[in-house]
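The next block is target.txt, given as compact mmCIF, C-alpha atoms.
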```
# COMPACT_ATOMS: atom_id res chain seq x y z
CA MET A 1 0.00 0.00 0.00
CA VAL A 2 1.34 3.40 -0.91
CA ASN A 3 0.32 6.32 1.24
CA ALA A 4 0.90 9.94 0.49
CA ALA A 5 3.49 11.16 3.00
CA PRO A 6 1.47 12.45 5.95
CA ASP A 7 2.02 16.05 6.93
CA VAL A 8 3.49 17.09 10.25
CA GLU A 9 0.21 18.44 11.63
CA THR A 10 -1.48 15.08 11.07
CA LEU A 11 1.41 13.20 12.68
CA LEU A 12 1.38 15.52 15.68
CA ALA A 13 -2.33 14.85 16.12
CA VAL A 14 -1.71 11.10 15.85
CA ALA A 15 1.03 11.22 18.47
CA ARG A 16 -1.06 13.33 20.81
CA ASP A 17 -3.98 10.94 20.44
CA VAL A 18 -2.06 7.92 21.77
CA PRO A 19 -3.48 6.83 25.15
CA ASP A 20 -1.27 6.88 28.24
CA PRO A 21 -0.42 3.26 29.12
CA GLU A 22 -0.98 3.75 32.86
CA ILE A 23 -4.03 6.01 32.78
CA PRO A 24 -5.69 5.11 29.46
CA VAL A 25 -8.45 7.72 29.75
CA LEU A 26 -5.76 10.32 29.15
CA THR A 27 -4.10 10.87 25.81
CA LEU A 28 -0.46 11.88 25.61
CA GLY A 29 -1.77 15.22 24.38
CA ASP A 30 -3.87 15.61 27.54
CA LEU A 31 -0.80 14.79 29.61
CA GLY A 32 1.36 17.28 27.73
CA VAL A 33 4.33 14.96 27.14
CA ILE A 34 4.56 15.28 23.34
CA ARG A 35 6.85 18.27 22.95
CA ASP A 36 7.29 18.38 19.19
CA VAL A 37 6.91 16.39 15.98
CA ARG A 38 8.91 17.36 12.90
CA LEU A 39 10.31 15.98 9.67
CA ALA A 40 14.09 15.62 9.52
CA GLY A 41 15.99 16.15 6.29
CA ASP A 42 16.16 12.43 5.51
CA GLY A 43 12.38 12.06 5.87
CA THR A 44 12.57 10.60 9.38
CA VAL A 45 9.78 11.71 11.68
CA GLU A 46 11.34 13.05 14.88
CA VAL A 47 9.31 13.15 18.06
CA ASP A 48 10.37 15.03 21.18
CA LEU A 49 8.98 13.28 24.22
CA THR A 50 9.34 14.48 27.80
CA PRO A 51 8.97 12.08 30.72
CA THR A 52 6.66 12.94 33.60
CA TYR A 53 9.25 11.60 36.10
CA THR A 54 12.84 10.66 35.23
CA GLY A 55 12.32 7.11 36.45
CA CYS A 56 8.78 6.56 35.17
CA PRO A 57 8.75 3.04 33.66
CA ALA A 58 5.88 4.04 31.37
CA THR A 59 8.23 6.26 29.37
CA ALA A 60 9.62 3.33 27.35
CA VAL A 61 6.10 2.01 26.66
CA ILE A 62 4.97 5.48 25.62
CA ALA A 63 7.86 5.73 23.15
CA ASP A 64 6.95 2.33 21.64
CA ASP A 65 3.26 3.24 21.40
CA VAL A 66 4.02 6.54 19.66
CA ARG A 67 6.33 4.78 17.23
CA ASP A 68 3.64 2.19 16.41
CA ALA A 69 0.94 4.83 15.95
CA LEU A 70 3.12 6.88 13.60
CA HIS A 71 4.03 3.79 11.57
CA ARG A 72 0.33 3.01 11.20
CA ALA A 73 -0.26 6.59 10.08
CA GLY A 74 2.23 6.10 7.24
CA ALA A 75 5.53 7.31 8.70
CA ASP A 76 8.32 4.94 7.65
CA GLN A 77 11.16 6.06 9.88
CA VAL A 78 10.49 7.34 13.38
CA ARG A 79 13.03 8.62 15.86
CA ILE A 80 12.02 9.35 19.47
CA ARG A 81 14.11 11.84 21.43
CA THR A 82 13.76 12.14 25.19
CA VAL A 83 13.89 15.78 26.18
CA LEU A 84 14.21 16.70 29.87
CA ALA A 85 14.24 20.49 29.67
CA PRO A 86 12.08 22.39 30.25
CA ALA A 87 10.92 20.00 32.95
CA TRP A 88 7.40 18.64 32.62
CA THR A 89 4.83 20.15 34.90
CA THR A 90 1.25 19.14 35.63
CA ASP A 91 0.31 22.69 34.63
CA TRP A 92 0.63 21.44 31.03
CA MET A 93 -2.24 19.02 31.51
CA SER A 94 -5.24 20.04 29.42
CA ASP A 95 -8.60 20.99 30.95
CA ALA A 96 -10.13 18.04 29.11
CA GLY A 97 -7.48 15.84 30.73
CA ARG A 98 -8.36 17.12 34.20
CA ARG A 99 -12.05 16.46 33.63
CA LYS A 100 -11.35 12.94 32.31
CA LEU A 101 -9.14 12.19 35.32
CA ARG A 102 -11.88 13.22 37.75
CA GLU A 103 -14.46 11.10 35.92
CA TYR A 104 -12.01 8.17 36.04
CA GLY A 105 -11.75 8.49 39.83
CA ILE A 106 -8.40 10.28 40.12
CA ALA A 107 -8.31 13.78 41.61
CA PRO A 108 -6.65 16.13 39.07
CA PRO A 109 -3.56 18.12 40.05
CA GLY A 110 -3.81 21.58 41.55
CA PRO A 111 -1.60 24.41 40.28
CA ALA A 112 2.13 23.67 40.49
CA ALA A 113 3.50 27.05 39.42
CA GLY A 114 5.60 28.61 42.13
CA GLY A 115 7.62 25.54 42.95
CA PRO A 116 7.08 22.33 44.81
CA VAL A 117 3.87 22.45 46.80
CA ARG A 118 3.67 21.22 50.37
CA LEU A 119 0.15 20.01 49.61
CA ALA A 120 -1.32 22.44 52.07
CA PHE A 121 -4.64 22.94 50.32
CA SER A 122 -7.37 20.39 50.05
CA VAL A 123 -7.97 17.92 47.26
CA ARG A 124 -11.57 17.19 46.34
CA CYS A 125 -12.78 13.60 46.46
CA PRO A 126 -13.40 12.48 42.85
CA HIS A 127 -16.20 10.18 44.04
CA CYS A 128 -18.43 12.45 46.15
CA GLY A 129 -16.88 15.89 45.59
CA SER A 130 -16.22 16.53 49.29
CA ALA A 131 -13.24 18.68 50.24
CA ASP A 132 -13.01 16.87 53.58
CA THR A 133 -10.14 14.62 52.52
CA ARG A 134 -6.70 13.73 53.83
CA GLU A 135 -3.45 12.56 52.32
CA VAL A 136 -2.47 9.02 53.32
CA SER A 137 0.85 9.03 51.48
CA HIS A 138 2.79 11.33 49.16
CA PHE A 139 3.36 8.33 46.94
CA GLY A 140 1.00 6.06 45.03
CA SER A 141 0.82 3.25 42.49
CA THR A 142 2.72 5.33 39.91
CA PRO A 143 5.27 8.13 40.42
CA CYS A 144 2.73 10.77 39.40
CA LYS A 145 0.08 9.95 42.01
CA ALA A 146 -0.44 10.22 45.79
CA LEU A 147 -2.79 8.22 48.02
CA TRP A 148 -5.71 10.06 49.60
CA THR A 149 -8.84 9.12 51.47
CA CYS A 150 -12.19 10.89 51.79
CA ARG A 151 -13.62 11.53 55.26
CA SER A 152 -17.12 12.08 53.88
CA CYS A 153 -17.66 8.95 51.78
CA ALA A 154 -14.77 6.97 53.34
CA GLU A 155 -13.48 5.94 49.91
CA PRO A 156 -9.76 5.88 49.19
CA PHE A 157 -8.68 7.57 45.98
CA GLU A 158 -5.60 8.62 44.07
CA SER A 159 -4.61 12.19 43.42
CA PHE A 160 -2.39 13.37 40.59
CA LYS A 161 0.53 15.20 42.25
CA ALA A 162 1.14 18.79 41.25
CA ILE A 163 4.77 19.14 40.19
CA MET B 1 39.72 3.47 35.58
CA SER B 2 38.61 6.87 36.82
CA SER B 3 42.06 8.36 36.31
CA VAL B 4 41.45 8.30 32.58
CA LEU B 5 37.87 9.57 32.69
CA PRO B 6 37.32 13.13 31.48
CA PRO B 7 36.29 15.33 34.47
CA LEU B 8 32.72 15.76 33.22
CA ALA B 9 32.28 11.99 32.88
CA ALA B 10 33.77 11.44 36.35
CA TYR B 11 31.45 14.06 37.84
CA ALA B 12 28.33 12.60 36.23
CA LEU B 13 29.45 9.13 37.32
CA ALA B 14 29.86 10.17 40.97
CA LEU B 15 26.40 11.78 41.11
CA GLY B 16 24.90 8.85 39.21
CA ASP B 17 26.51 6.30 41.55
CA ASP B 18 25.05 8.09 44.59
CA ALA B 19 21.57 7.81 43.08
CA LEU B 20 22.02 4.24 41.84
CA ILE B 21 23.32 2.78 45.10
CA LEU B 22 20.69 4.51 47.23
CA ALA B 23 17.98 3.29 44.84
CA GLN B 24 19.23 -0.26 45.35
CA ARG B 25 19.27 0.14 49.15
CA LEU B 26 15.77 1.62 49.27
CA GLY B 27 14.49 -1.22 47.12
CA GLU B 28 15.37 -3.59 49.97
CA TRP B 29 12.53 -2.06 51.99
CA VAL B 30 9.86 -3.17 49.55
CA ALA B 31 7.58 -5.65 51.34
CA CYS B 32 9.45 -5.03 54.66
CA ALA B 33 8.48 -1.44 55.49
CA PRO B 34 6.43 -0.67 58.62
CA GLN B 35 3.29 -0.10 56.55
CA ILE B 36 2.25 -0.75 52.98
CA GLU B 37 2.20 2.96 52.16
CA GLU B 38 5.91 3.03 53.01
CA ASP B 39 6.63 0.08 50.73
CA VAL B 40 5.05 2.17 48.00
CA ALA B 41 6.71 5.42 49.05
CA LEU B 42 10.23 4.01 49.28
CA ALA B 43 9.81 2.18 45.97
CA ASN B 44 8.75 5.47 44.39
CA VAL B 45 11.73 7.33 45.83
CA ALA B 46 14.01 4.53 44.61
CA LEU B 47 12.46 4.72 41.15
CA ASP B 48 13.04 8.46 40.92
CA LEU B 49 16.67 7.94 41.96
CA LEU B 50 17.07 5.16 39.43
CA GLY B 51 15.76 7.45 36.70
CA GLN B 52 18.31 10.09 37.70
CA ALA B 53 21.05 7.44 37.80
CA ARG B 54 20.19 6.21 34.30
CA THR B 55 20.44 9.71 32.87
CA LEU B 56 23.73 10.41 34.67
CA LEU B 57 25.38 7.07 33.89
CA SER B 58 24.32 7.22 30.24
CA TYR B 59 25.77 10.71 30.06
CA ALA B 60 29.01 9.65 31.77
CA GLY B 61 29.37 6.86 29.21
CA ALA B 62 28.64 9.18 26.29
CA VAL B 63 31.15 11.79 27.49
CA GLU B 64 33.78 9.11 28.08
CA GLY B 65 33.29 8.02 24.47
CA ALA B 66 34.51 4.46 24.97
CA GLY B 67 31.20 2.86 24.09
CA ARG B 68 30.05 2.06 27.63
CA ASP B 69 26.33 2.46 28.25
CA GLU B 70 24.36 2.76 31.49
CA ASP B 71 24.20 -1.03 31.94
CA ASP B 72 27.94 -1.49 31.43
CA LEU B 73 28.61 1.13 34.07
CA ALA B 74 26.05 -0.16 36.55
CA TYR B 75 26.71 -3.87 36.20
CA LEU B 76 30.27 -4.35 35.08
CA ARG B 77 32.30 -2.24 37.49
CA ASP B 78 33.74 -3.56 40.75
CA ASP B 79 33.39 -1.78 44.07
CA ARG B 80 36.65 0.17 43.84
CA ASP B 81 35.42 1.75 40.60
CA PHE B 82 32.25 3.11 42.20
CA ARG B 83 32.35 6.79 43.19
CA ASN B 84 29.29 7.04 45.47
CA VAL B 85 29.59 8.33 49.01
CA GLN B 86 29.62 5.72 51.77
CA LEU B 87 26.44 7.30 53.18
CA VAL B 88 24.31 5.64 50.50
CA GLU B 89 25.89 2.19 50.72
CA ILE B 90 25.70 1.55 54.48
CA PRO B 91 22.93 -0.90 55.41
CA ASN B 92 19.39 0.38 55.90
CA GLY B 93 19.30 -0.29 59.64
CA ASP B 94 15.88 0.20 61.16
CA PHE B 95 13.31 2.56 59.69
CA ALA B 96 14.68 5.49 61.72
CA VAL B 97 18.19 4.98 60.32
CA THR B 98 16.77 4.93 56.81
CA MET B 99 14.77 8.12 57.45
CA ALA B 100 17.81 9.83 58.97
CA ARG B 101 19.79 9.00 55.83
CA GLN B 102 16.88 10.12 53.62
CA LEU B 103 16.81 13.46 55.41
CA VAL B 104 20.57 13.99 55.04
CA PHE B 105 20.72 12.86 51.44
CA SER B 106 17.53 14.37 50.02
CA ALA B 107 18.28 17.73 51.66
CA TYR B 108 21.73 17.57 50.03
CA GLN B 109 20.32 16.53 46.64
CA TYR B 110 17.77 19.32 46.81
CA GLU B 111 20.55 21.91 47.12
CA LEU B 112 22.67 20.10 44.54
CA TYR B 113 19.99 20.05 41.85
CA THR B 114 18.89 23.58 42.67
CA ALA B 115 22.48 24.70 41.97
CA LEU B 116 22.86 22.53 38.87
CA LYS B 117 19.75 24.04 37.29
CA SER B 118 22.00 26.91 36.23
CA SER B 119 24.88 24.68 35.06
CA GLU B 120 26.36 25.61 31.69
CA ASP B 121 26.03 21.95 30.76
CA GLY B 122 22.62 21.42 29.13
CA THR B 123 22.25 17.78 30.13
CA LEU B 124 23.06 18.39 33.80
CA ALA B 125 20.85 21.49 33.89
CA GLY B 126 17.97 19.65 32.21
CA LEU B 127 18.17 16.72 34.60
CA ALA B 128 18.48 19.03 37.60
CA GLY B 129 15.38 21.01 36.64
CA LYS B 130 13.43 17.78 36.48
CA ALA B 131 14.95 16.00 39.47
CA VAL B 132 14.67 18.89 41.92
CA LYS B 133 10.89 18.55 41.76
CA GLU B 134 11.11 14.85 42.58
CA VAL B 135 13.61 15.39 45.36
CA ALA B 136 11.36 18.03 46.95
CA TYR B 137 8.92 15.18 47.61
CA HIS B 138 11.68 12.91 48.95
CA ARG B 139 12.84 15.59 51.34
CA ASP B 140 9.34 16.31 52.53
CA HIS B 141 8.70 12.60 53.07
CA ALA B 142 11.84 12.19 55.18
CA THR B 143 11.12 15.40 57.08
CA GLN B 144 7.65 14.27 58.08
CA TRP B 145 8.97 10.96 59.40
CA VAL B 146 11.83 12.55 61.33
CA LEU B 147 9.32 14.93 62.94
CA ARG B 148 6.86 12.16 63.69
CA LEU B 149 9.42 9.82 65.19
CA GLY B 150 11.60 12.44 66.87
CA ASP B 151 8.69 14.28 68.45
CA GLY B 152 6.77 11.07 69.16
CA THR B 153 7.01 8.61 72.04
CA ASP B 154 10.08 8.16 74.24
CA LEU B 155 10.94 5.01 72.30
CA SER B 156 10.50 6.54 68.83
CA HIS B 157 12.49 9.59 69.92
CA ALA B 158 15.36 7.45 71.21
CA ARG B 159 15.46 5.40 68.03
CA MET B 160 15.28 8.48 65.79
CA GLN B 161 18.17 10.03 67.69
CA ALA B 162 20.13 6.79 67.40
CA GLY B 163 19.45 6.75 63.65
CA LEU B 164 20.74 10.30 63.28
CA ASP B 165 23.83 9.47 65.36
CA GLN B 166 24.52 6.50 63.12
CA VAL B 167 24.40 8.31 59.75
CA TRP B 168 25.90 11.67 60.71
CA PRO B 169 29.58 10.61 60.42
CA TYR B 170 28.88 9.89 56.74
CA ALA B 171 27.26 13.26 55.97
CA GLU B 172 30.34 15.47 55.82
CA GLU B 173 31.75 13.69 52.78
CA LEU B 174 28.92 15.04 50.63
CA PHE B 175 30.38 18.52 51.01
CA ASP B 176 34.08 17.89 50.60
CA PRO B 177 35.43 20.71 48.45
CA ALA B 178 37.83 20.40 45.54
CA GLY B 179 37.84 17.06 43.78
CA ILE B 180 36.40 16.81 40.31
CA ALA B 181 33.96 19.68 40.74
CA SER B 182 36.82 22.18 40.94
CA GLN B 183 37.90 21.17 37.44
CA LEU B 184 34.48 22.04 36.04
CA PRO B 185 33.79 25.70 36.88
CA GLY B 186 30.35 26.80 35.71
CA VAL B 187 29.38 23.19 35.03
CA ALA B 188 29.59 21.39 38.38
CA ALA B 189 28.28 22.60 41.73
CA ASP B 190 31.06 23.07 44.28
CA PRO B 191 29.86 20.75 47.09
CA ALA B 192 31.14 23.07 49.82
CA THR B 193 28.77 25.83 48.66
CA LEU B 194 25.78 23.55 49.18
CA ARG B 195 26.47 23.07 52.86
CA PRO B 196 25.07 26.29 54.44
CA ALA B 197 21.58 25.84 52.98
CA TRP B 198 21.67 22.12 53.80
CA GLU B 199 22.71 22.86 57.35
CA ARG B 200 19.93 25.42 57.79
CA TYR B 201 17.35 22.95 56.58
CA VAL B 202 18.38 19.91 58.61
CA THR B 203 19.00 21.99 61.73
CA SER B 204 15.47 23.38 61.61
CA VAL B 205 14.01 19.90 61.11
CA LEU B 206 16.03 18.38 63.96
CA SER B 207 15.10 21.23 66.25
CA GLU B 208 11.39 20.82 65.48
CA ALA B 209 11.79 17.06 65.94
CA THR B 210 13.32 17.70 69.40
CA CYS B 211 16.44 15.81 68.33
CA ASP B 212 20.05 16.84 68.89
CA GLN B 213 22.27 17.47 65.93
CA PRO B 214 24.97 14.81 66.31
CA GLU B 215 28.59 15.85 66.72
CA PRO B 216 30.43 12.79 65.46
CA ARG B 217 34.05 12.19 66.51
CA TRP B 218 34.98 10.62 63.19
CA ARG B 219 33.93 10.99 59.59
CA SER B 220 34.05 8.90 56.43
CA ARG B 221 36.63 9.70 53.78
CA GLY B 222 37.80 8.57 50.38
CA SER B 223 34.54 7.44 48.75
CA ARG B 224 34.99 9.63 45.71
CA ASN B 225 38.34 7.93 45.16
CA GLY B 226 36.82 4.46 45.37
CA LEU B 227 37.34 3.71 49.06
CA HIS B 228 34.22 2.03 50.38
CA THR B 229 32.87 0.12 53.33
CA GLU B 230 32.68 -3.65 53.24
CA HIS B 231 28.95 -3.31 52.58
CA LEU B 232 29.21 -2.07 49.00
CA GLY B 233 30.62 -5.33 47.64
CA HIS B 234 27.70 -7.30 49.07
CA LEU B 235 25.22 -4.83 47.60
CA LEU B 236 26.87 -5.05 44.19
CA ALA B 237 26.91 -8.85 44.30
CA GLU B 238 23.14 -8.80 44.56
CA MET B 239 22.64 -5.99 42.08
CA GLN B 240 25.02 -7.28 39.42
CA ARG B 241 24.62 -11.04 39.68
CA LEU B 242 21.93 -11.51 37.05
CA HIS B 243 23.61 -9.33 34.48
CA ARG B 244 27.00 -10.95 35.02
CA SER B 245 25.63 -14.51 34.99
CA TYR B 246 23.45 -13.98 31.93
CA SER B 247 25.41 -11.51 29.92
CA GLY B 248 23.23 -9.25 27.82
CA ALA B 249 19.99 -10.38 29.49
CA THR B 250 17.11 -7.98 28.91
CA TRP B 251 13.49 -7.92 29.99
```
Take the structure in this file and express it as structure tokens.
Amino acid sequence: MVNAAPDVETLLAVARDVPDPEIPVLTLGDLGVIRDVRLAGDGTVEVDLTPTYTGCPATAVIADDVRDALHRAGADQVRIRTVLAPAWTTDWMSDAGRRKLREYGIAPPGPAAGGPVRLAFSVRCPHCGSADTREVSHFGSTPCKALWTCRSCAEPFESFKAI
Amino acid sequence: MSSVLPPLAAYALALGDDALILAQRLGEWVACAPQIEEDVALANVALDLLGQARTLLSYAGAVEGAGRDEDDLAYLRDDRDFRNVQLVEIPNGDFAVTMARQLVFSAYQYELYTALKSSEDGTLAGLAGKAVKEVAYHRDHATQWVLRLGDGTDLSHARMQAGLDQVWPYAEELFDPAGIASQLPGVAADPATLRPAWERYVTSVLSEATCDQPEPRWRSRGSRNGLHTEHLGHLLAEMQRLHRSYSGATW
């Protein structure tokens, strides 16, 4: 099958549409980890990907998934570059992403701008909406989440950490 | 080995070894921590450190230019070729010892990465900008435990103080001046300059935790030149065994 070479805008949309392997309701676009997609001189599609956390094991899976999606969209050669700077922040998460997280049962991150937050303000329970919640642990099932529990409905839930 | 490494490679290797060895130590807590949330927390901290170590070791290998990658450096060096401080290799002890070490080390790393954010080296600056956010969580985690144990019951206070007393002799080495950093002006962070802010932070935590700042009568030396405690070899045996027995094994 011969495809017309896809344009960069289309490829960027394809890359951004790939679901996150850990939180599949989010796309990589929602998460804000696709930094750039461009065509190199030799026709290779170059993707700049930024990890959420330096040690996040999902980063390798994300790179493979993006590569597969771009191949399916007609890109022959794909090169993934990991870019650390500027450092990823949850402030880059889209509003749609925040809404999808809440509906999925994960409290979306608060604002991170202004440096690391001591988590002083309350996180709303994604199940019942109560602000009467408490942090159980800074750390959760993935590097990006913390464990919380709701005092109103007594349900435990995860909260996306603001960084 | 290190005598032939370019200074930038040696610097990245030393910082990477600190992160790698502490990640391995913290991993030992998984399934043994006092509560399941701490299994998860310490695994997360270890994972962040491992991510930093991978970036730093890969970079050290690339700068060296002899074709060694992160796995070669992590798995195929012997203890005398490791450049981590002894602080990160000593055994975990009880939970208080581990939290004392976490306080000392994460407060140091926080100042280190804050300084390296303005390094002239793009890779170090990029990693530092990312890692400082992670380390802020590590430091806060350790701080909360030191406060809780130090300002807790008589027993928890005594054990927290004992933990601090045990790790303090290893802290000073983090700030030894000169060394490789002095050969990399504008690129590396001079460890001695990190000490005042570190001291302010840990002193305020210890004071709030009602613990005394230890005044050790001896201090560790020589780690950055490959002098280690007997414990590092045992740690490496466990960490490297699979890779050395099944050369080239991958997941």
Residues of chain B at most 7 Å from chain A: nearest atom pair and distance in Å, only C-alpha atoms, as a Markdown table:
```
| residue | atom | partner | partner_atom | distance |
| --- | --- | --- | --- | --- |
| B:Glu37 | CA | A:Ser137 | CA | 6.3 |
| B:Val40 | CA | A:Gly140 | CA | 6.4 |
| B:Ala41 | CA | A:Phe139 | CA | 4.9 |
| B:Asn44 | CA | A:Pro143 | CA | 5.9 |
| B:Leu47 | CA | A:Gly55 | CA | 5.3 |
| B:Asp48 | CA | A:Gly55 | CA | 4.7 |
| B:Leu50 | CA | A:Gly55 | CA | 5.9 |
| B:Gly51 | CA | A:Gly55 | CA | 3.5 |
| B:Gln52 | CA | A:Thr54 | CA | 6.0 |
| B:Gly126 | CA | A:Ala85 | CA | 4.6 |
| B:Leu127 | CA | A:Leu84 | CA | 6.2 |
| B:Gly129 | CA | A:Ala87 | CA | 5.9 |
| B:Lys130 | CA | A:Ala87 | CA | 4.9 |
| B:Lys133 | CA | A:Pro116 | CA | 6.2 |
| B:Ala136 | CA | A:Pro116 | CA | 6.4 |
```
Filtering to C-alpha atoms, could you give me those residues as a tab-separated table (two decimals), in the frame of the given file?
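Result file is part.tsv:
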```tsv
chain	number	residue	atom	x	y	z
B	37	GLU	CA	2.20	2.96	52.16
B	40	VAL	CA	5.05	2.17	48.00
B	41	ALA	CA	6.71	5.42	49.05
B	44	ASN	CA	8.75	5.47	44.39
B	47	LEU	CA	12.46	4.72	41.15
B	48	ASP	CA	13.04	8.46	40.92
B	50	LEU	CA	17.07	5.16	39.43
B	51	GLY	CA	15.76	7.45	36.70
B	52	GLN	CA	18.31	10.09	37.70
B	126	GLY	CA	17.97	19.65	32.21
B	127	LEU	CA	18.17	16.72	34.60
B	129	GLY	CA	15.38	21.01	36.64
B	130	LYS	CA	13.43	17.78	36.48
B	133	LYS	CA	10.89	18.55	41.76
B	136	ALA	CA	11.36	18.03	46.95
```
Requested in this report: Have a look at B:Leu20, B:Leu236, B:Leu15, B:Ala188 and name the one nearest to B:Glu120; count only C-alpha atoms.
Outcome: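 For B:Glu120, the nearest of the candidates is B:Ala188.
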I'd like the neighbourhood of stretch 13-26 of chain A as a PDB file with C-alpha atoms, keeping the file's coordinate frame, where a residue qualifies if any of its atoms comes within 8 Å (using only C-alpha atoms), though same-chain residues fewer than 3 positions away should be ignored.
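around.pdb, written as the output of this step:
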```
ATOM      1  CA  GLU A   9       0.210  18.440  11.630  1.00  0.00           C
ATOM      2  CA  THR A  10      -1.480  15.080  11.070  1.00  0.00           C
ATOM      3  CA  GLY A  29      -1.770  15.220  24.380  1.00  0.00           C
ATOM      4  CA  ASP A  30      -3.870  15.610  27.540  1.00  0.00           C
ATOM      5  CA  LEU A  31      -0.800  14.790  29.610  1.00  0.00           C
ATOM      6  CA  ILE A  34       4.560  15.280  23.340  1.00  0.00           C
ATOM      7  CA  ALA A  58       5.880   4.040  31.370  1.00  0.00           C
ATOM      8  CA  VAL A  61       6.100   2.010  26.660  1.00  0.00           C
ATOM      9  CA  ILE A  62       4.970   5.480  25.620  1.00  0.00           C
ATOM     10  CA  ASP A  65       3.260   3.240  21.400  1.00  0.00           C
ATOM     11  CA  VAL A  66       4.020   6.540  19.660  1.00  0.00           C
ATOM     12  CA  ALA A  69       0.940   4.830  15.950  1.00  0.00           C
ATOM     13  CA  LEU A  70       3.120   6.880  13.600  1.00  0.00           C
ATOM     14  CA  ALA A  73      -0.260   6.590  10.080  1.00  0.00           C
ATOM     15  CA  GLY A  97      -7.480  15.840  30.730  1.00  0.00           C
ATOM     16  CA  LYS A 100     -11.350  12.940  32.310  1.00  0.00           C
ATOM     17  CA  LEU A 101      -9.140  12.190  35.320  1.00  0.00           C
ATOM     18  CA  TYR A 104     -12.010   8.170  36.040  1.00  0.00           C
TER      19      TYR A 104
END
```
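Nearest residue to B:Gly222 among B:Leu124, B:Leu174, B:Leu42, B:Leu26 is B:Leu174, counting all atoms listed in the file.
Every protein, DNA or RNA residue with an atom at most 6 Å from A:Val45, where all atoms listed in the file count and chain neighbours fewer than 3 positions away do not, is listed here: Arg38, Leu39 and Val78 of chain A.
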Requested in this report: Write out as number ranges by chain the residues lying within 12 Å of stretch 193-195 of chain B, counting only C-alpha atoms and excluding same-chain residues fewer than 4 positions away.
Outcome: B: 104-105, 107-116, 171-178, 181-182, 188-189, 199-203
Query raised in the report: Quick one, how far is atom CA of B:Ser220 from atom CA of B:Gln86?
Result: 7.2 Å
Query raised in the report: Which residue gives the smallest distance to B:Gly122 among B:Ile36, B:Val187, B:Ala9, B:Val45, with all atoms listed in the file counted?
Result: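 When distances to B:Gly122 are compared using all atoms listed in the file, the smallest one comes from B:Val187.
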**Report entry** Within 10 Å of A:Thr82 using all atoms listed in the file, minus same-chain residues under 5 positions, as a PyMOL selection string
**Finding:** chain A and resi 34-35+47-51+59-60+63
Requested in this report: Grab the atom CA of B:Tyr59 to atom CA of B:Asn84 distance for me, in Å with one decimal place.
Outcome: 16.2 Å
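Atom pair atom CA of B:Leu22 / atom CA of A:Val33: separated by 27.9 Å.
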**Report entry** Neighbour residues at most 9 Å from (22.4, 2.7, 64.9) (only C-alpha atoms) as a list in words
**Finding:**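 Answer for this query, in the requested form: Gly93, Asp94, Ala96, Val97, Arg159, Gln161, Ala162, Gly163, Leu164, Asp165, Gln166 and Val167 of chain B.
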**Report entry** Residue among A:Thr44, A:Gln77, A:Thr27, A:Ser159 lying closest to A:Ala96, counting all atoms listed in the file
**Finding:**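 Checking each of A:Thr44, A:Gln77, A:Thr27, A:Ser159 against A:Ala96, counting all atoms listed in the file, the winner is A:Thr27.
For the residues B:Trp168, B:Tyr137, B:Phe95, B:Trp145, ranking by smallest atom-to-atom distance to B:Cys32 using only C-alpha atoms places B:Phe95 first.
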Can you rebuild stretch 48-57 of chain B with N, CA and C atoms and give it as a tab-separated table (two decimals), keeping the file's coordinate frame?
```
chain	number	residue	atom	x	y	z
B	48	ASP	N	12.58	7.13	41.34
B	48	ASP	CA	13.04	8.46	40.92
B	48	ASP	C	14.58	8.49	40.86
B	49	LEU	N	15.20	7.94	41.91
B	49	LEU	CA	16.67	7.94	41.96
B	49	LEU	C	17.26	7.11	40.82
B	50	LEU	N	16.59	6.00	40.53
B	50	LEU	CA	17.07	5.16	39.43
B	50	LEU	C	16.97	5.91	38.10
B	51	GLY	N	15.90	6.66	37.93
B	51	GLY	CA	15.76	7.45	36.70
B	51	GLY	C	16.88	8.48	36.58
B	52	GLN	N	17.21	9.12	37.71
B	52	GLN	CA	18.31	10.09	37.70
B	52	GLN	C	19.63	9.38	37.39
B	53	ALA	N	19.81	8.20	38.01
B	53	ALA	CA	21.05	7.44	37.80
B	53	ALA	C	21.20	7.04	36.33
B	54	ARG	N	20.11	6.63	35.71
B	54	ARG	CA	20.19	6.21	34.30
B	54	ARG	C	20.64	7.37	33.42
B	55	THR	N	20.05	8.54	33.67
B	55	THR	CA	20.44	9.71	32.87
B	55	THR	C	21.92	10.03	33.09
B	56	LEU	N	22.35	10.01	34.35
B	56	LEU	CA	23.73	10.41	34.67
B	56	LEU	C	24.75	9.37	34.18
B	57	LEU	N	24.45	8.10	34.35
B	57	LEU	CA	25.38	7.07	33.89
B	57	LEU	C	25.46	7.03	32.36
```
